[in-house]
Structure formats: structure tokens, C-alpha cells
Amino acid sequence: MTQSSKKTDPKVGGASDFRESVSTRYGLDRAFTWLVTAAALVGVAVLVVLLVDVTKDGSPMLSLEFLTSFPSQVFPENGGIYPALIGSLWLLGLTGLISVPLGLGAAVYLEEYAQDTRINRMIEINISNLAGVPSVIYGLLGLGIFVELLAPVTGGGSVLTGALTLSLLILPVIIVATREALRAIPDSIREGGYALGATQWEVIWSHLLPRALPGALTGIILALSRAVGEAAPILIVGVSLYQTYITRSPFDGYMALPTQIYDWISRPQEVFQNSAAAGIVVAMVVLLLANSFAIWLRSRYQQRS
Amino acid sequence: MAIRTEGTRSGAEAWKGNSRGREARERVIKFFLTACAYLTIFTTFGIVIVLFEETSRFFLKVSPVEFLTSTEWAPPQGEFGVLPLVYGTLMATVIAIAVALPVGLLTAIYLSEYAPTRLRRWLKPALEILAGVPTVVYGYFALTFITPFFRDNLFSGIQSFNAISAGLIMGVMIIPTVASVSEDAIYAVPLSLREGAYALGATRRETATKVVVPAALSGIVAAVILGISRAIGETMIVTIAMGAQANWLGSPLEGMQAMTAYIVQVVGGETPRGSVTYESIFAVGSALFVMTLALNLASYWFVRRYRETY
């Protein structure tokens, strides 16, 4: 034993471990089991502490009036998130209307039509790259294109501009999720359709899209909930931090929940921190419900197939 | 028959249509689908053109050499050296990775090698939910919970805005990214490698750390690179919790400004278009874009390499 410990010094290879006593190795094994278990619980633990903390901070503000009143600079304790909530609903609806058809279309093309050519390979690499572009960069893109260049069409910093920017942001996520769902459909389904004389689009519309929908829908819901939670890109393309009216058309100005929360956080007075926490509670409840539904949908779908 | 098929989209209805009409419809649809896919290319072009246009205007007023080498960042005084912002970004990123790499990797090992199936089914969605928390929420948590906690228990001299709280919480934010990409790589390691290790008398830990992890290494590297790229591009946590004052070579307990935070903070201040400050956000954005693009390409390369191995 003494001899071997000298020999293992310079190199920590597999061989050196074999000479250690069995009880040490088993001890290390148990310790490692605890370590990995603890690591896996770190994320969940932080999530729980975070939820408890914001609920505690936000509870003095949480009430029905908080959901239905305008934010107030003069009487902050009476202020609410009504216009921000409506603005976020507008963003959600418009972003869904824009990004879902485009994402499904691109995914169907890449999975069902595209040949293995150079340009199509380029599109694929490009999509995986776009998925990694920071959201502020999409904000700058939106500022350059939708706010400045297309101002006559979008009305500058309108809710439509915000939705277009967020659509480009989540498009890669929707495309990837839909492609995976399409890829999971066995070829026999396609061949069955063709054997009956259906054209390619008829096969896609009546056979493939209905089957791919649950899988794609999970990706779409996760992507949309990410879009609604984003603050940075819409701050750049001109979300209002305060407005006295409700958004009524795509060309109106808008407030949004994450940017309202950000505005409250950046104020020094204590009462605004409570408003921020209450806003976070509302946002978290909505997003946790949406994400849980998406994940439930996927697990149900996976069990069937 | 005509009444029965009306309003439905069954194959039978299409069968009755003339074949030239069907072909034309197929072509139109294919054209639109192709356009959707090509839109993603235009998005990239759009990003590059917008960034390039404003950045080149910026460089007419500020020399690129000054931008890339000066350590003074004070836009109101006309000092545009980007290094202090890069320093802020990298400080937060290093702290974040110091959290996310060990925790994320150990989580991945736990999920694929240790977790009972039932717990795994519960833990993976929980991680996904962690990834879906809006970043303003993390920012609030860093500012109002982590920083006061540090001040009361560890570092009494910590500033209200500081890199360590922002970095730590950013680490928590990217744990799911590192864990899920690493787990995919670990999961792809053939079972025979594990069985070989067990047959030689290795314990579970030895199998995991000396056989499985090295075999999945390139995938794990890809996961970490992706995590770094996320951290560099993350905006709201550093905007809320790390501060708005550029700070070259400051300590992690001090406030500093990240590149992303600068962009958001300047836009929030209603900077007029055409001013050098307005153009500077695109210059900083370009630097950010180049950094994340390089990391994403590196990660893509690593993922492909490990896929080829198995």
C-alpha cells in the first residue's frame, strides 16, 4: 500500500483508483450520489425560494383592483397593471398570428419539400444560429427595420412593431419544434396518402399537420410564453412605460407586463417594489400555467406514440 | 355527391378537381412555404445590415481603434472605449458559468445516470419551467433578495448594484440550458461503455466520471459554450441588478455595466436618432453579435462532431 501511494502521485489515472481501499471507493460513491442529487435540486430550490419571496413582497398589493386599475405615480398603492395586462395580451395575440403560420410553413418546407442542397443546409445552420442570437439584437433589428424603415406601415413604436420583433425572435424555436414533430411521423402515413392519389400538400394538410400538432403546440406555447416574458427587445422598439389609455388597435402604443415590472423595480420607493413583486406574481402564475399545460400536452402525446 | 363533399377537405373532393388546377395550387403553396423558410435568411441579413449601417456611421465619428482599445466609457463626455462594458459582461458571465457548469453538469449526470424514472419525469419539466421564468423576475430576485442576503451575511461592503448577485442568478438561469444539452450528450453514450466499466469493477461514480463524461465531452463542451453565449446575451438581470456605470477592472462586489445593459439603458433614455450615442448602441450590439455568433458556431461544430462519433 505504501509503495503504491508513491506511485500514484504523479498521475491520477484509472489505475490509481483501483489500488485504493474498497471502503474508500464506496464512501466516495455514496458522497457523489448525494452531490449529484443535491445539484439536481438546486434549481428547484431557487425556484421555490423565489416564488415565496415575491409572494411575500407582493401580497400587500395583490387584489382584484391591482388587475383592473391604471398604474399611478401619485398614489402608487392604488396603482395596477390593467394597461400592461391588455398590452401583453395584444402582444401575445399578434405574435401568435404572425409567428405560428410562418413557423409552421418554414418547418413544413424544410422537412417535407427541401432537397439536400447547399442553400437548404445554409438555411438550417442559419436557423440554429438565429436561435442563439441575444434578444437585444432582435430589438436593434426591430428598431432599424420596423420602427424606422417601415414606420409608415407599422406606425413606429406600435404594438404591431413589438409583435413583429417578438415574432422574429421566436420563429426559430417554433420551426425547430415543428420539424421535430413532423420528423416523428412514420413515412407509412405519407405513403398511404400518396397511394390514395393525394398530392403532397393534401397529404401534409390532412395527414401530417393534425398528427404533428400536439408536439408542435408544446413548442409554440413555450415560445409564446417566452415572447410575452421578454422585456429587452420591446424596451428597444418603444414600449410605453406609462400611458393613460388602453391599446385598442395594432397601431396604438402599448404597455407590457415585464416592462411595467422593470419600471417599478427601477424606482427607489419601497411601495413600487411591492407593486413590482405583485406584477411578478401575476406574470408567474400565467406563465407557470401556460408552461405546465404545454409540458402536460407533450407528455400525453409522447405516451400515445 | 357534390353536396356531401362541399365544405369538407377530404381527398375525394380534391380528386374531382381538374389536375391542372391541383398542380397550380401545389405550386402556389410550395412557393409560400419556401418563402417562409427563406424569411429566416432575410432575418439574418436584416440583422447584419442594420448593425453594419449604424456601426459604420458610428465609426465615422469614433475611431475603431479607440472603440476597441480604450478603457474609458463615458458617452456624455465622448469617451467610447468598449472594454469596460466587455469587462462587465465577462465578469457576470464568468460568475454565471462558475455556478452553471458544475450544477448543470452534475444535474445532467443525476438525470441520466442516477434518477429513478418517476423523479426524472418530475424533475425535467421543473427545469424547463426554471428556463421559462422571465428574466425581469430573476433581476428582481437578485436585487431584492440575493444582494441584501450577501450584505447581511457575507460581504458587508457590497454595493446595491453588483456583479456577484447578478452573475449568480444568471448562473441559475442557464442551469437548464447546460443541464439539458449535457444530458442529451450523456444519454447518447452507448450502454456498452457503462457495462464495460461495471464489468471491470468500477463503482457508479467511477463509471460516471471516468467513462461516461469523457465519452460525452464534446457535447458537454457544446453545452457550456451555449451557456456562455446565453449569459453574454442576457439583458434584464444585468440591467436591473448589476448597475448602469461602466467600471473597468472593478471587483465583483461593485456595480458595473454590461454591454446588453448599456443598450437597454440608453434606449430607455430617449436618445435622438443620428446622435453618436444612438449609433453607439449599434456598435456595442455589433460587438455583442460577433461574440455570440462565434460561440454559437463553435457550439454547433462541437455538437456535430459528437453526433458523428456515435
# chains A, B, ... in the order shown; residues from 1 in each chain; ligands from 1

$ residues_around --residues "Val52 (chain A)" --least-positions-apart "4" --cutoff "12 Å" --atoms "only C-alpha atoms" --output "ChimeraX atom specification"
/A:45-48,56-59,277-278,280-281,284 /B:141,145

$ write_last_selection --atoms "N, CA and C atoms" --output "compact mmCIF listing (two decimals), in the first residue's frame"
# COMPACT_ATOMS: atom_id res chain seq x y z
N ALA A 45 -34.92 24.37 -5.81
CA ALA A 45 -34.89 25.10 -4.55
C ALA A 45 -34.93 26.61 -4.79
N VAL A 46 -34.12 27.07 -5.75
CA VAL A 46 -34.12 28.51 -6.05
C VAL A 46 -35.50 28.96 -6.50
N LEU A 47 -36.13 28.13 -7.35
CA LEU A 47 -37.46 28.48 -7.85
C LEU A 47 -38.45 28.64 -6.69
N VAL A 48 -38.37 27.72 -5.72
CA VAL A 48 -39.29 27.78 -4.58
C VAL A 48 -39.03 29.03 -3.75
N LYS A 56 -44.41 37.02 -0.87
CA LYS A 56 -44.36 37.77 0.39
C LYS A 56 -44.29 39.28 0.11
N ASP A 57 -43.40 39.67 -0.82
CA ASP A 57 -43.26 41.10 -1.14
C ASP A 57 -44.51 41.66 -1.80
N GLY A 58 -45.17 40.83 -2.61
CA GLY A 58 -46.26 41.35 -3.41
C GLY A 58 -47.61 41.29 -2.72
N SER A 59 -47.72 40.53 -1.64
CA SER A 59 -49.04 40.30 -1.04
C SER A 59 -49.77 41.59 -0.62
N ALA A 277 -43.35 43.25 -7.24
CA ALA A 277 -43.50 41.87 -6.79
C ALA A 277 -44.89 41.34 -7.11
N ALA A 278 -45.90 42.18 -6.92
CA ALA A 278 -47.26 41.74 -7.23
C ALA A 278 -47.41 41.48 -8.73
N ILE A 280 -45.02 40.53 -10.66
CA ILE A 280 -44.29 39.28 -10.92
C ILE A 280 -45.17 38.09 -10.57
N VAL A 281 -45.90 38.19 -9.45
CA VAL A 281 -46.77 37.07 -9.07
C VAL A 281 -47.78 36.80 -10.18
N MET A 284 -45.97 35.27 -13.17
CA MET A 284 -45.52 33.90 -12.92
C MET A 284 -46.70 32.92 -12.93
N PHE B 141 -35.20 39.34 -8.18
CA PHE B 141 -34.75 38.43 -7.12
C PHE B 141 -33.29 38.72 -6.75
N PHE B 145 -33.29 40.20 -3.08
CA PHE B 145 -33.12 39.07 -2.18
C PHE B 145 -31.65 38.68 -2.01

$ interface_residues --of "chain B" --to "chain A" --cutoff "6 Å" --atoms "only C-alpha atoms" --output "number ranges by chain"
B: 33-34, 36-37, 47, 50, 103, 106-107, 110, 134, 205, 233, 267

$ select_by_dssp --residues "region 9-216 of chain A" --states "helix (DSSP H, G or I)" --output "PyMOL selection string"
chain A and resi 14-18+22-58+64-68+76-78+82-113+118-130+135-149+151-154+159-183+187-195+200-216

$ residues_around --residues "Asp184 (chain B)" --least-positions-apart "2" --cutoff "10 Å" --atoms "only C-alpha atoms" --output "PyMOL selection string"
chain B and resi 108+112+179-182+186-189+216+219-220+223

$ residues_around --residues "Ile86 (chain A)" --least-positions-apart "5" --cutoff "9 Å" --atoms "only C-alpha atoms" --output "list in words"
Ile81, Leu91, Ile246, Thr247, Tyr254, Met255, Ala256 and Leu257 of chain A

$ write_last_selection --atoms "N, CA and C atoms" --output "PDB file, in the first residue's frame"
ATOM      1  N   ILE A  81     -52.073  47.067 -12.935  1.00  0.00           N
ATOM      2  CA  ILE A  81     -51.389  46.635 -14.155  1.00  0.00           C
ATOM      3  C   ILE A  81     -52.332  46.524 -15.338  1.00  0.00           C
ATOM      4  N   LEU A  91     -49.813  41.728 -27.487  1.00  0.00           N
ATOM      5  CA  LEU A  91     -48.539  41.180 -27.977  1.00  0.00           C
ATOM      6  C   LEU A  91     -48.666  39.674 -28.208  1.00  0.00           C
ATOM      7  N   ILE A 246     -55.936  52.654 -23.113  1.00  0.00           N
ATOM      8  CA  ILE A 246     -55.841  51.227 -23.361  1.00  0.00           C
ATOM      9  C   ILE A 246     -55.550  51.002 -24.841  1.00  0.00           C
ATOM     10  N   THR A 247     -54.700  50.034 -25.150  1.00  0.00           N
ATOM     11  CA  THR A 247     -54.396  49.711 -26.539  1.00  0.00           C
ATOM     12  C   THR A 247     -55.650  49.153 -27.218  1.00  0.00           C
ATOM     13  N   TYR A 254     -48.428  50.875 -26.535  1.00  0.00           N
ATOM     14  CA  TYR A 254     -48.789  49.775 -25.645  1.00  0.00           C
ATOM     15  C   TYR A 254     -47.875  49.757 -24.438  1.00  0.00           C
ATOM     16  N   MET A 255     -48.393  49.211 -23.352  1.00  0.00           N
ATOM     17  CA  MET A 255     -47.545  48.874 -22.213  1.00  0.00           C
ATOM     18  C   MET A 255     -47.475  47.356 -22.163  1.00  0.00           C
ATOM     19  N   ALA A 256     -46.545  46.792 -21.381  1.00  0.00           N
ATOM     20  CA  ALA A 256     -46.471  45.337 -21.284  1.00  0.00           C
ATOM     21  C   ALA A 256     -46.075  44.967 -19.870  1.00  0.00           C
ATOM     22  N   LEU A 257     -46.462  43.772 -19.462  1.00  0.00           N
ATOM     23  CA  LEU A 257     -46.248  43.347 -18.083  1.00  0.00           C
ATOM     24  C   LEU A 257     -44.765  43.340 -17.672  1.00  0.00           C
TER      25      LEU A 257
END

$ residues_around --residues "region 162-172 of chain B" --least-positions-apart "2" --cutoff "7 Å" --atoms "only C-alpha atoms" --output "ChimeraX atom specification"
/A:43 /B:91-93,95-97,99-100,138,142,146-147,159-160,174-175,231,237-238,241-243,252-256

$ residues_around --residues "Ala246 (chain B)" --least-positions-apart "6" --cutoff "10 Å" --atoms "only C-alpha atoms" --output "short mmCIF file (atom, residue, chain, number, x, y, z; two decimals) with C-alpha atoms, in the first residue's frame"
data_model
loop_
_atom_site.label_atom_id
_atom_site.label_comp_id
_atom_site.auth_asym_id
_atom_site.auth_seq_id
_atom_site.Cartn_x
_atom_site.Cartn_y
_atom_site.Cartn_z
CA THR B 71 -10.69 51.70 -21.32
CA GLU B 72 -12.76 54.86 -20.89
CA TRP B 73 -16.50 54.55 -21.43
CA ALA B 74 -18.36 57.80 -20.83
CA VAL B 82 -15.93 49.43 -25.20
CA LEU B 83 -13.59 47.44 -22.95
CA PRO B 84 -15.22 48.39 -19.62
CA LEU B 85 -18.58 47.13 -20.96
CA VAL B 86 -16.95 43.93 -22.20
CA TYR B 87 -15.37 43.57 -18.77
CA GLY B 88 -18.77 43.90 -17.08
CA GLY B 255 -21.61 47.76 -9.70
CA MET B 256 -20.68 47.67 -13.37
CA GLN B 257 -22.37 47.96 -16.73
CA ALA B 258 -22.74 45.13 -19.21
CA MET B 259 -22.95 45.57 -22.99
CA TYR B 262 -25.95 49.72 -21.89
#

$ residues_around --residues "Ile185 (chain A)" --least-positions-apart "5" --cutoff "9 Å" --atoms "only C-alpha atoms" --output "MDAnalysis selection string"
chainID A and resid 190 208 211:212

$ write_last_selection --atoms "N, CA and C atoms" --output "PDB file, in the first residue's frame"
ATOM      1  N   ARG A 190     -47.329   8.968 -44.871  1.00  0.00           N
ATOM      2  CA  ARG A 190     -47.217   9.730 -46.114  1.00  0.00           C
ATOM      3  C   ARG A 190     -47.520   8.831 -47.303  1.00  0.00           C
ATOM      4  N   LEU A 208     -50.395  14.949 -42.079  1.00  0.00           N
ATOM      5  CA  LEU A 208     -49.207  15.264 -41.279  1.00  0.00           C
ATOM      6  C   LEU A 208     -49.467  16.340 -40.238  1.00  0.00           C
ATOM      7  N   ARG A 211     -51.360  15.307 -37.110  1.00  0.00           N
ATOM      8  CA  ARG A 211     -50.568  14.433 -36.252  1.00  0.00           C
ATOM      9  C   ARG A 211     -49.424  15.169 -35.574  1.00  0.00           C
ATOM     10  N   ALA A 212     -48.882  16.187 -36.248  1.00  0.00           N
ATOM     11  CA  ALA A 212     -47.728  16.902 -35.694  1.00  0.00           C
ATOM     12  C   ALA A 212     -48.165  17.956 -34.684  1.00  0.00           C
TER      13      ALA A 212
END

$ closest_residue --among "B:Ala35, B:Leu119, B:Ile281, B:Glu113" --to "Glu206 (chain B)" --atoms "only C-alpha atoms"
B:Glu113

$ atom_distance --atom1 "CA of Phe66 (chain A)" --atom2 "CA of Gly79 (chain A)"
6.5 Å

$ atom_distance --atom1 "CA of Pro176 (chain B)" --atom2 "CA of Leu92 (chain A)"
24.5 Å

$ closest_residue --among "B:Thr260, B:Asn153, B:Thr271, B:Ser63" --to "Leu288 (chain B)" --atoms "only C-alpha atoms"
B:Thr260

$ select_by_dssp --residues "region 43-234 of chain B" --states "strand (DSSP E)" --output "PyMOL selection string"
chain B and resi 73-74+79-80

$ write_last_selection --atoms "C-alpha atoms" --output "PDB file, in the first residue's frame"
ATOM      1  CA  TRP B  73     -16.503  54.549 -21.427  1.00  0.00           C
ATOM      2  CA  ALA B  74     -18.363  57.805 -20.834  1.00  0.00           C
ATOM      3  CA  GLU B  79     -15.377  58.610 -24.467  1.00  0.00           C
ATOM      4  CA  PHE B  80     -16.205  55.410 -26.341  1.00  0.00           C
TER       5      PHE B  80
END
